[in-house]
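Visitor: Structure file entry-v7.cif (mmCIF, C-alpha atoms and all ligand atoms) is given on the next line.
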```cif
data_query
loop_
_atom_site.label_atom_id
_atom_site.label_comp_id
_atom_site.auth_asym_id
_atom_site.auth_seq_id
_atom_site.Cartn_x
_atom_site.Cartn_y
_atom_site.Cartn_z
CA MET A 56 7.48 7.30 -16.02
CA LYS A 57 9.48 5.85 -13.12
CA ILE A 58 7.47 5.08 -10.01
CA ALA A 59 8.85 4.01 -6.63
CA VAL A 60 6.14 1.90 -4.98
CA THR A 61 6.72 1.21 -1.28
CA GLY A 62 5.18 -1.91 0.24
CA GLY A 63 4.71 -3.50 -3.19
CA LEU A 64 4.99 -7.04 -1.80
CA GLY A 65 2.00 -6.45 0.47
CA PHE A 66 -1.70 -6.89 -0.23
CA ILE A 67 -2.62 -3.52 -1.78
CA GLY A 68 0.90 -2.60 -2.95
CA SER A 69 1.15 -5.78 -5.01
CA ALA A 70 -2.23 -5.00 -6.62
CA VAL A 71 -0.84 -1.56 -7.54
CA VAL A 72 2.33 -3.12 -9.01
CA ARG A 73 0.27 -5.65 -10.99
CA HIS A 74 -1.99 -2.85 -12.19
CA LEU A 75 0.96 -0.71 -13.30
CA LEU A 76 2.86 -3.49 -15.08
CA GLY A 77 0.31 -6.20 -15.83
CA PRO A 78 -2.22 -6.73 -18.62
CA THR A 79 -4.44 -3.95 -17.22
CA THR A 80 -1.53 -1.49 -17.47
CA PRO A 81 -2.49 2.15 -17.94
CA ARG A 82 0.26 2.14 -20.59
CA GLY A 83 -2.50 1.30 -23.05
CA GLU A 84 -4.12 4.67 -22.40
CA ASP A 85 -2.93 7.66 -24.37
CA THR A 86 -2.51 10.38 -21.75
CA ILE A 87 -1.13 10.73 -18.28
CA ARG A 88 -2.36 13.43 -15.92
CA GLY A 89 -4.72 14.35 -18.76
CA GLU A 90 -2.14 16.00 -21.00
CA ASP A 91 1.36 14.56 -21.44
CA PRO A 92 1.86 11.62 -23.79
CA ILE A 93 2.17 8.47 -21.71
CA GLU A 94 5.59 6.91 -21.29
CA PRO A 95 6.41 3.32 -20.38
CA ILE A 96 6.07 2.74 -16.65
CA GLU A 97 9.01 1.40 -14.68
CA VAL A 98 8.54 0.33 -11.07
CA MET A 99 11.02 0.15 -8.21
CA ASN A 100 9.35 -1.84 -5.44
CA VAL A 101 10.77 -0.65 -2.10
CA ASP A 102 9.82 -3.38 0.36
CA LYS A 103 11.70 -4.53 3.43
CA VAL A 104 9.99 -7.97 3.26
CA THR A 105 8.30 -8.24 6.65
CA TYR A 106 6.07 -11.13 7.72
CA ALA A 107 3.31 -9.56 5.55
CA ALA A 108 5.30 -9.62 2.30
CA THR A 109 4.96 -12.33 -0.35
CA THR A 110 6.95 -12.39 -3.58
CA GLY A 111 4.29 -14.67 -5.07
CA SER A 112 1.87 -11.75 -5.16
CA VAL A 113 3.92 -10.05 -7.91
CA ALA A 114 5.06 -13.23 -9.68
CA SER A 115 2.92 -12.35 -12.72
CA VAL A 116 5.01 -9.21 -13.42
CA ALA A 117 8.34 -9.88 -11.66
CA GLU A 118 10.09 -11.02 -14.86
CA SER A 119 9.31 -7.72 -16.58
CA PRO A 120 12.37 -5.59 -17.42
CA PHE A 121 10.32 -2.69 -16.01
CA TYR A 122 10.18 -4.24 -12.50
CA HIS A 123 12.86 -4.09 -9.78
CA HIS A 124 12.67 -4.91 -6.09
CA VAL A 125 14.95 -3.36 -3.45
CA ALA A 126 14.84 -4.78 0.07
CA ILE A 127 15.06 -1.51 1.99
CA ASP A 128 13.54 -0.41 5.29
CA ILE A 129 11.81 2.93 4.67
CA ALA A 130 13.04 4.07 8.08
CA ASP A 131 16.62 3.85 6.72
CA GLY A 132 16.96 7.31 5.20
CA SER A 133 20.42 6.90 3.69
CA ALA A 134 19.53 3.63 1.94
CA LEU A 135 16.40 5.29 0.55
CA ARG A 136 18.34 8.28 -0.75
CA GLU A 137 20.89 6.06 -2.49
CA ALA A 138 18.15 3.97 -4.11
CA PHE A 139 16.31 7.11 -5.26
CA ALA A 140 19.51 8.63 -6.70
CA ARG A 141 20.06 5.41 -8.69
CA PHE A 142 16.46 4.93 -9.89
CA GLU A 143 15.54 8.62 -10.35
CA PRO A 144 11.79 8.25 -9.72
CA ASP A 145 9.23 10.72 -11.09
CA ALA A 146 6.74 9.68 -8.43
CA VAL A 147 6.35 7.73 -5.21
CA ILE A 148 3.30 5.66 -4.28
CA HIS A 149 3.66 5.01 -0.56
CA LEU A 150 1.96 1.91 0.83
CA ALA A 151 4.62 0.38 3.09
CA ALA A 152 3.22 0.12 6.60
CA GLU A 153 2.46 -2.09 9.52
CA SER A 154 -1.21 -2.55 8.74
CA HIS A 155 -2.93 -4.82 11.26
CA VAL A 156 -4.86 -3.20 14.14
CA ASP A 157 -4.64 -6.28 16.39
CA ARG A 158 -0.83 -6.40 16.03
CA SER A 159 -0.68 -2.67 16.86
CA ILE A 160 -2.41 -3.46 20.16
CA ASP A 161 0.16 -6.19 20.97
CA GLY A 162 3.24 -4.28 19.77
CA PRO A 163 2.88 -0.62 18.80
CA ASP A 164 6.64 0.00 18.40
CA ALA A 165 6.92 -1.23 14.82
CA PHE A 166 3.92 0.93 13.88
CA VAL A 167 5.64 4.08 15.11
CA ARG A 168 8.90 3.13 13.46
CA THR A 169 7.55 2.22 10.02
CA ASN A 170 4.38 4.28 9.71
CA VAL A 171 5.63 7.49 11.35
CA VAL A 172 9.45 7.52 11.12
CA GLY A 173 9.43 5.60 7.83
CA THR A 174 7.00 8.05 6.23
CA TYR A 175 9.12 10.97 7.44
CA GLU A 176 12.30 9.43 5.94
CA LEU A 177 10.50 8.72 2.68
CA LEU A 178 9.23 12.31 2.45
CA GLN A 179 12.76 13.58 3.00
CA ALA A 180 14.23 11.21 0.41
CA ALA A 181 11.56 12.21 -2.15
CA ARG A 182 12.05 15.89 -1.46
CA PHE A 183 15.86 15.75 -1.74
CA GLU A 184 15.68 13.64 -4.89
CA ALA A 185 13.15 15.98 -6.56
CA GLU A 186 15.23 19.03 -5.60
CA ARG A 187 18.50 17.37 -6.68
CA ARG A 188 17.10 16.84 -10.21
CA ASN A 189 15.17 20.11 -10.18
CA VAL A 190 11.82 18.35 -10.78
CA LEU A 191 9.95 19.38 -7.63
CA ASP A 192 6.91 20.74 -9.52
CA SER A 193 6.33 17.68 -11.67
CA PHE A 194 7.12 15.16 -8.89
CA ARG A 195 4.20 13.34 -7.23
CA PHE A 196 4.05 11.68 -3.80
CA VAL A 197 0.87 9.64 -3.30
CA HIS A 198 0.36 8.59 0.31
CA VAL A 199 -2.06 5.71 0.82
CA SER A 200 -3.84 6.08 4.13
CA THR A 201 -6.93 4.76 5.85
CA ASP A 202 -10.38 5.92 6.90
CA GLU A 203 -9.48 4.71 10.42
CA VAL A 204 -7.73 8.06 11.04
CA PHE A 205 -11.24 9.58 11.34
CA GLY A 206 -12.20 7.44 14.33
CA SER A 207 -15.49 5.63 14.80
CA LEU A 208 -18.93 6.53 13.37
CA GLY A 209 -22.23 6.11 15.19
CA LEU A 210 -24.96 4.22 13.34
CA ASP A 211 -26.75 7.43 12.32
CA ASP A 212 -23.66 9.52 11.46
CA GLU A 213 -22.89 10.67 7.92
CA PRO A 214 -20.02 8.75 6.29
CA PHE A 215 -16.47 10.14 6.48
CA ASP A 216 -15.34 12.49 3.75
CA GLU A 217 -12.31 14.72 3.09
CA THR A 218 -13.53 17.32 5.63
CA THR A 219 -13.93 14.92 8.57
CA ALA A 220 -11.76 15.79 11.58
CA TYR A 221 -9.02 13.34 12.59
CA ASP A 222 -9.88 11.25 15.67
CA PRO A 223 -7.74 8.07 15.63
CA ARG A 224 -8.32 5.56 18.44
CA SER A 225 -5.99 2.58 17.89
CA PRO A 226 -2.17 2.54 17.84
CA TYR A 227 -2.43 1.67 14.11
CA SER A 228 -4.77 4.55 13.24
CA ALA A 229 -2.80 6.98 15.42
CA SER A 230 0.39 6.10 13.52
CA LYS A 231 -1.37 6.52 10.16
CA ALA A 232 -2.86 9.85 11.27
CA ALA A 233 0.62 11.06 12.25
CA SER A 234 1.93 10.04 8.83
CA ASP A 235 -0.89 11.94 7.07
CA HIS A 236 0.02 15.08 9.03
CA PHE A 237 3.69 14.78 8.02
CA VAL A 238 2.70 14.36 4.37
CA ARG A 239 0.50 17.47 4.49
CA ALA A 240 3.29 19.42 6.23
CA TRP A 241 5.80 18.50 3.50
CA HIS A 242 3.39 19.87 0.90
CA GLU A 243 2.76 23.14 2.74
CA THR A 244 6.31 23.72 3.96
CA TYR A 245 8.57 22.33 1.24
CA GLY A 246 6.24 22.39 -1.77
CA LEU A 247 6.43 18.61 -2.29
CA PRO A 248 3.41 17.78 -4.51
CA THR A 249 1.66 15.28 -2.26
CA ILE A 250 -1.73 13.60 -2.64
CA ILE A 251 -3.37 11.61 0.18
CA THR A 252 -5.96 8.86 -0.26
CA ASN A 253 -7.96 7.60 2.74
CA CYS A 254 -9.68 4.35 1.92
CA SER A 255 -11.95 1.86 3.60
CA ASN A 256 -11.31 -1.85 4.30
CA ASN A 257 -9.97 -3.69 1.28
CA TYR A 258 -10.52 -7.35 0.40
CA GLY A 259 -9.57 -9.63 -2.48
CA PRO A 260 -6.72 -11.93 -3.65
CA PHE A 261 -3.32 -12.07 -1.87
CA HIS A 262 -4.75 -10.76 1.44
CA PHE A 263 -2.63 -11.93 4.40
CA PRO A 264 -4.76 -14.35 6.48
CA GLU A 265 -4.63 -12.31 9.69
CA LYS A 266 -7.40 -9.99 8.42
CA LEU A 267 -11.11 -10.78 8.84
CA ILE A 268 -12.08 -11.93 5.34
CA PRO A 269 -9.15 -14.23 4.42
CA LEU A 270 -8.97 -15.60 7.98
CA MET A 271 -12.67 -16.53 7.94
CA ILE A 272 -12.42 -18.06 4.45
CA LEU A 273 -9.50 -20.31 5.44
CA LYS A 274 -11.03 -21.29 8.78
CA ALA A 275 -14.37 -22.01 7.08
CA VAL A 276 -12.60 -24.16 4.47
CA ALA A 277 -10.87 -26.08 7.29
CA GLY A 278 -14.13 -26.44 9.26
CA GLN A 279 -12.65 -24.55 12.24
CA PRO A 280 -14.45 -22.17 14.64
CA LEU A 281 -14.94 -18.65 13.23
CA PRO A 282 -14.09 -16.08 15.95
CA VAL A 283 -16.30 -12.99 15.62
CA TYR A 284 -15.37 -10.19 18.02
CA GLY A 285 -18.13 -8.94 20.36
CA ARG A 286 -21.56 -9.54 18.79
CA GLY A 287 -20.41 -9.07 15.19
CA ASP A 288 -22.30 -5.80 14.85
CA ASN A 289 -19.30 -3.61 13.95
CA ILE A 290 -19.59 -2.23 10.44
CA ARG A 291 -16.93 -1.84 7.75
CA ASP A 292 -17.24 -0.45 4.18
CA TRP A 293 -15.61 -3.03 1.88
CA LEU A 294 -13.59 -2.10 -1.21
CA TYR A 295 -12.29 -4.66 -3.74
CA VAL A 296 -8.51 -4.33 -3.86
CA GLU A 297 -8.28 -4.01 -7.64
CA ASP A 298 -10.79 -1.14 -7.59
CA HIS A 299 -8.56 0.46 -4.97
CA ALA A 300 -5.40 -0.02 -7.06
CA ARG A 301 -7.15 1.81 -9.91
CA ALA A 302 -8.17 4.62 -7.55
CA ILE A 303 -4.56 5.08 -6.38
CA VAL A 304 -3.20 5.24 -9.93
CA THR A 305 -6.04 7.62 -10.86
CA ALA A 306 -5.06 9.86 -7.95
CA LEU A 307 -1.46 9.82 -9.18
CA ARG A 308 -2.42 10.65 -12.75
CA ARG A 309 -5.21 13.15 -12.21
CA GLY A 310 -5.12 14.20 -8.55
CA GLU A 311 -4.41 17.75 -7.47
CA PRO A 312 -1.29 18.20 -5.29
CA GLY A 313 -2.21 19.13 -1.73
CA GLN A 314 -5.59 17.39 -1.99
CA THR A 315 -7.03 14.40 -0.15
CA TYR A 316 -9.36 11.84 -1.72
CA ALA A 317 -11.63 9.50 0.25
CA VAL A 318 -12.05 6.10 -1.42
CA GLY A 319 -14.79 3.65 -0.43
CA GLY A 320 -16.63 0.67 -1.83
CA ASN A 321 -20.28 1.65 -1.09
CA ALA A 322 -20.57 -1.66 0.73
CA GLU A 323 -21.30 -1.25 4.43
CA ARG A 324 -21.80 -4.61 6.13
CA THR A 325 -21.78 -5.84 9.72
CA ASN A 326 -18.98 -8.32 10.46
CA LEU A 327 -21.60 -10.98 11.21
CA ASP A 328 -23.19 -10.45 7.80
CA VAL A 329 -19.77 -10.75 6.10
CA VAL A 330 -18.89 -13.96 7.97
CA GLN A 331 -22.31 -15.51 7.30
CA THR A 332 -21.98 -14.72 3.58
CA ILE A 333 -18.51 -16.36 3.55
CA CYS A 334 -20.03 -19.46 5.23
CA ASP A 335 -22.75 -19.68 2.59
CA GLN A 336 -20.30 -19.19 -0.27
CA VAL A 337 -17.86 -21.81 1.06
CA ASP A 338 -20.79 -24.22 1.59
CA ALA A 339 -21.84 -23.61 -2.02
CA GLU A 340 -18.29 -24.27 -3.30
CA LEU A 341 -17.35 -27.27 -1.13
CA GLY A 342 -20.67 -28.74 -0.05
CA ASP A 343 -21.66 -28.90 3.61
CA GLU A 344 -20.00 -32.16 4.70
CA VAL A 345 -18.90 -30.34 7.87
CA GLY A 346 -22.52 -29.17 8.31
CA ASP A 347 -23.85 -25.65 7.78
CA ARG A 348 -20.71 -23.52 8.27
CA ARG A 349 -22.74 -20.76 9.96
CA ASN A 350 -22.73 -23.09 12.97
CA LEU A 351 -18.95 -22.57 13.21
CA ILE A 352 -19.43 -18.91 14.19
CA GLU A 353 -18.31 -18.19 17.78
CA PHE A 354 -18.66 -14.83 19.49
CA VAL A 355 -15.39 -14.09 21.32
CA ALA A 356 -14.08 -11.30 23.58
CA ASP A 357 -14.22 -7.95 21.84
CA ARG A 358 -11.15 -6.06 20.54
CA PRO A 359 -10.04 -3.33 23.00
CA GLY A 360 -11.14 0.08 21.65
CA HIS A 361 -13.06 -1.59 18.79
CA ASP A 362 -14.31 1.11 16.38
CA LEU A 363 -18.04 0.58 15.77
CA ARG A 364 -18.42 1.75 12.18
CA TYR A 365 -16.44 3.05 9.21
CA ALA A 366 -18.09 4.34 6.04
CA ILE A 367 -16.81 6.55 3.23
CA ASP A 368 -18.43 9.11 0.97
CA SER A 369 -16.25 8.97 -2.15
CA SER A 370 -18.15 11.60 -4.20
CA LYS A 371 -15.05 13.79 -4.58
CA ILE A 372 -12.82 11.25 -6.34
CA GLN A 373 -15.81 10.12 -8.39
CA GLN A 374 -16.77 13.62 -9.53
CA GLU A 375 -13.33 15.24 -9.82
CA LEU A 376 -11.20 12.33 -11.04
CA GLY A 377 -13.80 10.05 -12.63
CA TRP A 378 -13.07 6.93 -10.53
CA VAL A 379 -15.92 4.60 -9.53
CA PRO A 380 -15.80 1.22 -7.78
CA SER A 381 -16.73 -1.51 -10.25
CA ILE A 382 -17.02 -4.70 -8.17
CA GLU A 383 -20.18 -5.29 -6.15
CA PHE A 384 -19.48 -6.76 -2.69
CA THR A 385 -21.20 -10.17 -2.88
CA ASP A 386 -19.64 -10.79 -6.30
CA GLY A 387 -16.20 -9.62 -5.10
CA LEU A 388 -16.47 -11.87 -2.05
CA ALA A 389 -17.40 -14.87 -4.21
CA ARG A 390 -14.40 -14.17 -6.46
CA THR A 391 -12.21 -13.93 -3.36
CA VAL A 392 -13.47 -17.25 -1.93
CA ARG A 393 -12.83 -18.87 -5.33
CA TRP A 394 -9.32 -17.34 -5.45
CA TYR A 395 -8.38 -18.82 -2.05
CA LEU A 396 -9.71 -22.22 -3.09
CA ASP A 397 -7.61 -22.09 -6.28
CA ASN A 398 -4.41 -20.70 -4.73
CA GLU A 399 -3.47 -22.88 -1.82
CA TRP A 400 0.18 -22.62 -3.01
CA TRP A 401 0.09 -18.98 -1.87
CA TRP A 402 -1.56 -19.26 1.55
CA ARG A 403 -0.61 -22.71 2.87
CA PRO A 404 3.05 -21.76 3.63
CA LEU A 405 1.89 -18.57 5.36
CA LEU A 406 -0.27 -20.59 7.78
CA SER A 407 2.50 -23.10 8.50
CA GLU A 408 5.46 -20.71 8.65
CA ARG A 409 4.23 -17.24 9.65
CA TYR A 410 0.80 -17.12 11.26
CA ASP A 411 -1.37 -20.05 12.33
CA GLY A 412 -4.60 -18.12 12.90
CA GLN A 413 -4.39 -17.61 16.66
CA ARG A 414 -6.14 -14.67 18.36
CA LEU A 415 -4.14 -11.41 18.31
CA GLY A 416 -4.68 -8.04 20.00
CA VAL A 417 -6.19 -8.86 23.37
CA ALA A 418 -3.98 -6.26 25.12
CA VAL A 419 -2.58 -8.40 27.89
CA ALA A 420 0.19 -6.38 29.53
CA SER A 421 3.49 -8.27 29.32
P1 LIG B 501 0.30 -5.21 4.13
O1 LIG B 501 0.54 -5.38 5.59
O2 LIG B 501 -0.35 -6.32 3.36
O3 LIG B 501 1.69 -4.92 3.38
C1 LIG B 501 2.61 -3.99 3.85
C2 LIG B 501 3.90 -4.16 3.04
O4 LIG B 501 4.82 -3.14 3.50
C3 LIG B 501 4.59 -5.51 3.23
O5 LIG B 501 4.98 -6.04 1.99
C4 LIG B 501 5.80 -5.17 4.10
O6 LIG B 501 6.93 -6.00 3.84
C5 LIG B 501 6.08 -3.73 3.71
N1 LIG B 501 6.75 -3.01 4.80
C6 LIG B 501 6.37 -2.97 6.11
N2 LIG B 501 7.24 -2.23 6.82
C7 LIG B 501 8.18 -1.79 5.95
C8 LIG B 501 9.33 -0.98 6.08
N3 LIG B 501 9.70 -0.48 7.28
N4 LIG B 501 10.06 -0.69 4.99
C9 LIG B 501 9.71 -1.20 3.77
N5 LIG B 501 8.65 -2.00 3.59
C10 LIG B 501 7.89 -2.28 4.67
O7 LIG B 501 -0.51 -3.85 4.00
P2 LIG B 501 -1.72 -3.49 3.01
O8 LIG B 501 -2.98 -4.04 3.58
O9 LIG B 501 -1.34 -3.81 1.62
O10 LIG B 501 -1.78 -1.92 3.21
C11 LIG B 501 -1.04 -1.05 2.35
C12 LIG B 501 -1.28 0.38 2.77
O11 LIG B 501 -2.66 0.69 2.67
C13 LIG B 501 -0.88 0.67 4.21
O12 LIG B 501 -0.28 1.94 4.26
C14 LIG B 501 -2.20 0.66 4.96
O13 LIG B 501 -2.15 1.51 6.09
C15 LIG B 501 -3.14 1.20 3.90
N6 LIG B 501 -4.54 0.76 4.05
C16 LIG B 501 -4.86 -0.58 4.08
C17 LIG B 501 -6.20 -0.96 4.17
C18 LIG B 501 -6.61 -2.41 4.14
O14 LIG B 501 -7.80 -2.70 4.21
N7 LIG B 501 -5.69 -3.36 4.03
C19 LIG B 501 -7.20 -0.01 4.27
C20 LIG B 501 -6.84 1.33 4.25
C21 LIG B 501 -5.51 1.70 4.11
P1 LIG B 502 -9.65 -6.38 10.29
O1 LIG B 502 -9.67 -7.22 9.06
O2 LIG B 502 -8.58 -6.61 11.31
O3 LIG B 502 -9.63 -4.85 9.78
P2 LIG B 502 -9.81 -3.46 10.63
O4 LIG B 502 -9.64 -3.75 12.06
O5 LIG B 502 -8.70 -2.63 10.08
O6 LIG B 502 -11.16 -2.96 10.28
O7 LIG B 502 -11.05 -6.51 11.02
C1 LIG B 502 -12.26 -6.19 10.37
C2 LIG B 502 -13.37 -6.31 11.39
O8 LIG B 502 -13.50 -7.69 11.75
C3 LIG B 502 -13.09 -5.56 12.67
O9 LIG B 502 -14.33 -5.00 13.14
C4 LIG B 502 -12.59 -6.63 13.63
C5 LIG B 502 -13.34 -7.88 13.17
N1 LIG B 502 -12.65 -9.17 13.35
C6 LIG B 502 -13.33 -10.24 13.94
O10 LIG B 502 -14.49 -10.12 14.35
N2 LIG B 502 -12.68 -11.44 14.06
C7 LIG B 502 -11.40 -11.61 13.63
O11 LIG B 502 -10.83 -12.73 13.80
C8 LIG B 502 -10.72 -10.50 13.01
C9 LIG B 502 -9.30 -10.65 12.53
C10 LIG B 502 -11.40 -9.31 12.88
#
```
What would you get if you wrote out this structure as structure tokens?
Guide:
Amino acid sequence: MKIAVTGGLGFIGSAVVRHLLGPTTPRGEDTIRGEDPIEPIEVMNVDKVTYAATTGSVASVAESPFYHHVAIDIADGSALREAFARFEPDAVIHLAAESHVDRSIDGPDAFVRTNVVGTYELLQAARFEAERRNVLDSFRFVHVSTDEVFGSLGLDDEPFDETTAYDPRSPYSASKAASDHFVRAWHETYGLPTIITNCSNNYGPFHFPEKLIPLMILKAVAGQPLPVYGRGDNIRDWLYVEDHARAIVTALRRGEPGQTYAVGGNAERTNLDVVQTICDQVDAELGDEVGDRRNLIEFVADRPGHDLRYAIDSSKIQQELGWVPSIEFTDGLARTVRWYLDNEWWWRPLLSERYDGQRLGVAVAS
């Protein structure tokens, strides 16, 4: 099976590539989509290599003869079509995106270009390629989206599920919502067999240190102030990235075209709780020579339009496709802290060359 993975040098995309080609490969299993004999998996990683991309995140599989990287912008339709005609994919797993809410507040343009226009170009390239080879029915297009398209929950609201109405509130979530609508339209109008997953906040190894968890780990390790937006009472539902990679591949193998699957980690936590737990875990690993790291927490100006709460009910993917999250949050967070302590080679150059940890997304008009 030939799979074009977009965004495979990013955080979640690289976990998907490692899952497809690494020691946990589903090649060991004997069926795909429940019936056909499984074939070797070959991956074409379509990644433009933005600031968020790191080749080190796929180093463990990059020497495989079943792995290729093409540095293509998904908004470049003709380059995509050529690459698809050469590789002849049976499926696309689409993860390429601008993914950081704070950056979408500072500069929404790239979000529209990659997340909206790029998804449109990718849908067209997949559709033309599947029609060209007369494989439209067996083709699969898995679109990886976010629970942020559903807006913000109140404390007493039921978690999001596949029936929740779209209500995006940030430039990032608006661009992802638009992309979901295009994907659905290509299924209904052109018969492209698409599957959408909407997942909650991921965490784990190879997470770019602009996002809450890796940023707080690295600042806590360095003994620097830990900036918590507002009062730290916003709630996210945390999903370990390798559980998510398995969910995406499960959706590809067993998902029903035209369907959406909500994927969550059953781990709702306030931001303050997450940051305090990171402080305690870093103290336990490194000792408290800088003092109790909880004292580094600083409440700073809130994010404009900050969604209060996200939470996911993932019963559908659990019951229909048999996926369950396997990593409990405190354990996953401890593994993540340990991973950052052991893998300075990966993150140190990012801090010195790409992002030094300064505040983003304060919406100052320029
Ligand atoms: P990321 O920012 O870590 O990686 C994105 C990757 O896409 C990078 O390697 C980048 O080079 C590539 N890319 C960006 N623009 C591109 C373009 N125009 N053409 C080709 N490649 C391009 O993102 P992530 O956190 O791994 O997220 C992956 C997907 O999952 C995204 O679609 C995101 O919306 C979705 N998602 C993420 C989370 C999360 O918690 N991180 C939660 C829900 C959904
Ligand atoms: P983030 O990792 O940016 O993910 P998202 O905005 O997609 O949920 O942020 C997670 C939560 O942490 C969010 O409520 C904003 C908050 N946050 C902070 O309090 N301080 C920070 O420095 C960052 C980056 C995020």
Visitor: Measure the distance from atom C12 of ligand LIG 501 (chain B) to atom CA of A:Tyr410 in Å and round it to one decimal.
Guide: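 A separation of 19.6 Å between them.
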Visitor: Please identify the residues whose atoms come within 6 Å of ligand LIG 502 (chain B), using only C-alpha atoms and all ligand atoms, and report them as a compact mmCIF listing (two decimals) with C-alpha atoms, keeping the file's coordinate frame.
Guide:
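Contents of the output file pocket.txt:
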```txt
# COMPACT_ATOMS: atom_id res chain seq x y z
CA HIS A 155 -2.93 -4.82 11.26
CA VAL A 156 -4.86 -3.20 14.14
CA GLU A 265 -4.63 -12.31 9.69
CA LYS A 266 -7.40 -9.99 8.42
CA LEU A 267 -11.11 -10.78 8.84
CA PRO A 282 -14.09 -16.08 15.95
CA VAL A 283 -16.30 -12.99 15.62
CA TYR A 284 -15.37 -10.19 18.02
CA ASN A 289 -19.30 -3.61 13.95
CA ASN A 326 -18.98 -8.32 10.46
```
Visitor: What's the 10 Å shell around A:Asp362, counting all atoms listed in the file, without same-chain residues fewer than 6 positions away, as a list in words?
Guide: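 Once the nearby chain positions are removed, what remains is Glu203, Gly206, Ser207, Leu208, Gly209, Pro223, Arg224, Ser225, Asn289, Ile290 and Arg291 of chain A.
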Visitor: Could you give me, as a VMD selection string, the residues within 10 Å of A:Gln314, counting all atoms listed in the file and dropping anything in the same chain fewer than 4 positions from it?
Guide: chain A and resid 217 239 242 248 to 252 306 310
Visitor: Based on the selection just made, write C-alpha atoms of those residues as an mmCIF file, in the frame of the given file.
Guide:
```
data_model
loop_
_atom_site.group_PDB
_atom_site.id
_atom_site.type_symbol
_atom_site.label_atom_id
_atom_site.label_comp_id
_atom_site.auth_asym_id
_atom_site.auth_seq_id
_atom_site.Cartn_x
_atom_site.Cartn_y
_atom_site.Cartn_z
ATOM 1 C CA GLU A 217 -12.310 14.720 3.090
ATOM 2 C CA ARG A 239 0.500 17.470 4.490
ATOM 3 C CA HIS A 242 3.390 19.870 0.900
ATOM 4 C CA PRO A 248 3.410 17.780 -4.510
ATOM 5 C CA THR A 249 1.660 15.280 -2.260
ATOM 6 C CA ILE A 250 -1.730 13.600 -2.640
ATOM 7 C CA ILE A 251 -3.370 11.610 0.180
ATOM 8 C CA THR A 252 -5.960 8.860 -0.260
ATOM 9 C CA ALA A 306 -5.060 9.860 -7.950
ATOM 10 C CA GLY A 310 -5.120 14.200 -8.550
#
```
Visitor: Identify, counting all atoms listed in the file, the protein, DNA and RNA residues located within 7 Å of ligand LIG 501 (chain B), and give them as a PyMOL selection string.
Guide: chain A and resi 61-68+101-109+127-130+149-155+169+173+199-202+231+253-258+262-263
Visitor: Could you write out that same residue set with C-alpha atoms as a tab-separated table (two decimals), in the frame of the given file?
Guide:
```
chain	number	residue	atom	x	y	z
A	61	THR	CA	6.72	1.21	-1.28
A	62	GLY	CA	5.18	-1.91	0.24
A	63	GLY	CA	4.71	-3.50	-3.19
A	64	LEU	CA	4.99	-7.04	-1.80
A	65	GLY	CA	2.00	-6.45	0.47
A	66	PHE	CA	-1.70	-6.89	-0.23
A	67	ILE	CA	-2.62	-3.52	-1.78
A	68	GLY	CA	0.90	-2.60	-2.95
A	101	VAL	CA	10.77	-0.65	-2.10
A	102	ASP	CA	9.82	-3.38	0.36
A	103	LYS	CA	11.70	-4.53	3.43
A	104	VAL	CA	9.99	-7.97	3.26
A	105	THR	CA	8.30	-8.24	6.65
A	106	TYR	CA	6.07	-11.13	7.72
A	107	ALA	CA	3.31	-9.56	5.55
A	108	ALA	CA	5.30	-9.62	2.30
A	109	THR	CA	4.96	-12.33	-0.35
A	127	ILE	CA	15.06	-1.51	1.99
A	128	ASP	CA	13.54	-0.41	5.29
A	129	ILE	CA	11.81	2.93	4.67
A	130	ALA	CA	13.04	4.07	8.08
A	149	HIS	CA	3.66	5.01	-0.56
A	150	LEU	CA	1.96	1.91	0.83
A	151	ALA	CA	4.62	0.38	3.09
A	152	ALA	CA	3.22	0.12	6.60
A	153	GLU	CA	2.46	-2.09	9.52
A	154	SER	CA	-1.21	-2.55	8.74
A	155	HIS	CA	-2.93	-4.82	11.26
A	169	THR	CA	7.55	2.22	10.02
A	173	GLY	CA	9.43	5.60	7.83
A	199	VAL	CA	-2.06	5.71	0.82
A	200	SER	CA	-3.84	6.08	4.13
A	201	THR	CA	-6.93	4.76	5.85
A	202	ASP	CA	-10.38	5.92	6.90
A	231	LYS	CA	-1.37	6.52	10.16
A	253	ASN	CA	-7.96	7.60	2.74
A	254	CYS	CA	-9.68	4.35	1.92
A	255	SER	CA	-11.95	1.86	3.60
A	256	ASN	CA	-11.31	-1.85	4.30
A	257	ASN	CA	-9.97	-3.69	1.28
A	258	TYR	CA	-10.52	-7.35	0.40
A	262	HIS	CA	-4.75	-10.76	1.44
A	263	PHE	CA	-2.63	-11.93	4.40
```
Visitor: Looking at A:Ile272, A:Val190, A:Ile58, A:Ile160, which one is nearest to A:Trp402, with distances taken over only C-alpha atoms?
Guide: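 Of the candidates, the smallest distance to A:Trp402 is held by A:Ile272.
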Visitor: For atom CA of A:Ala317 and atom CA of A:Arg393, determine how far apart the two atoms are, in Å to one decimal place.
Guide: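 Going from atom CA of A:Ala317 over to atom CA of A:Arg393, I get 28.9 Å.
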Visitor: Within 12 Å of A:Asp411, counting all atoms listed in the file, which residues qualify if same-chain residues fewer than 2 places away don't, as a PyMOL selection string?
Guide: chain A and resi 263-265+270+273-274+402-409+413-415
Visitor: Between A:Phe205, A:Val329, A:Gln179, A:Arg286, which residue has the minimum interatomic distance to A:Thr218, considering only C-alpha atoms?
Guide: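 For A:Thr218, the nearest of the candidates is A:Phe205.
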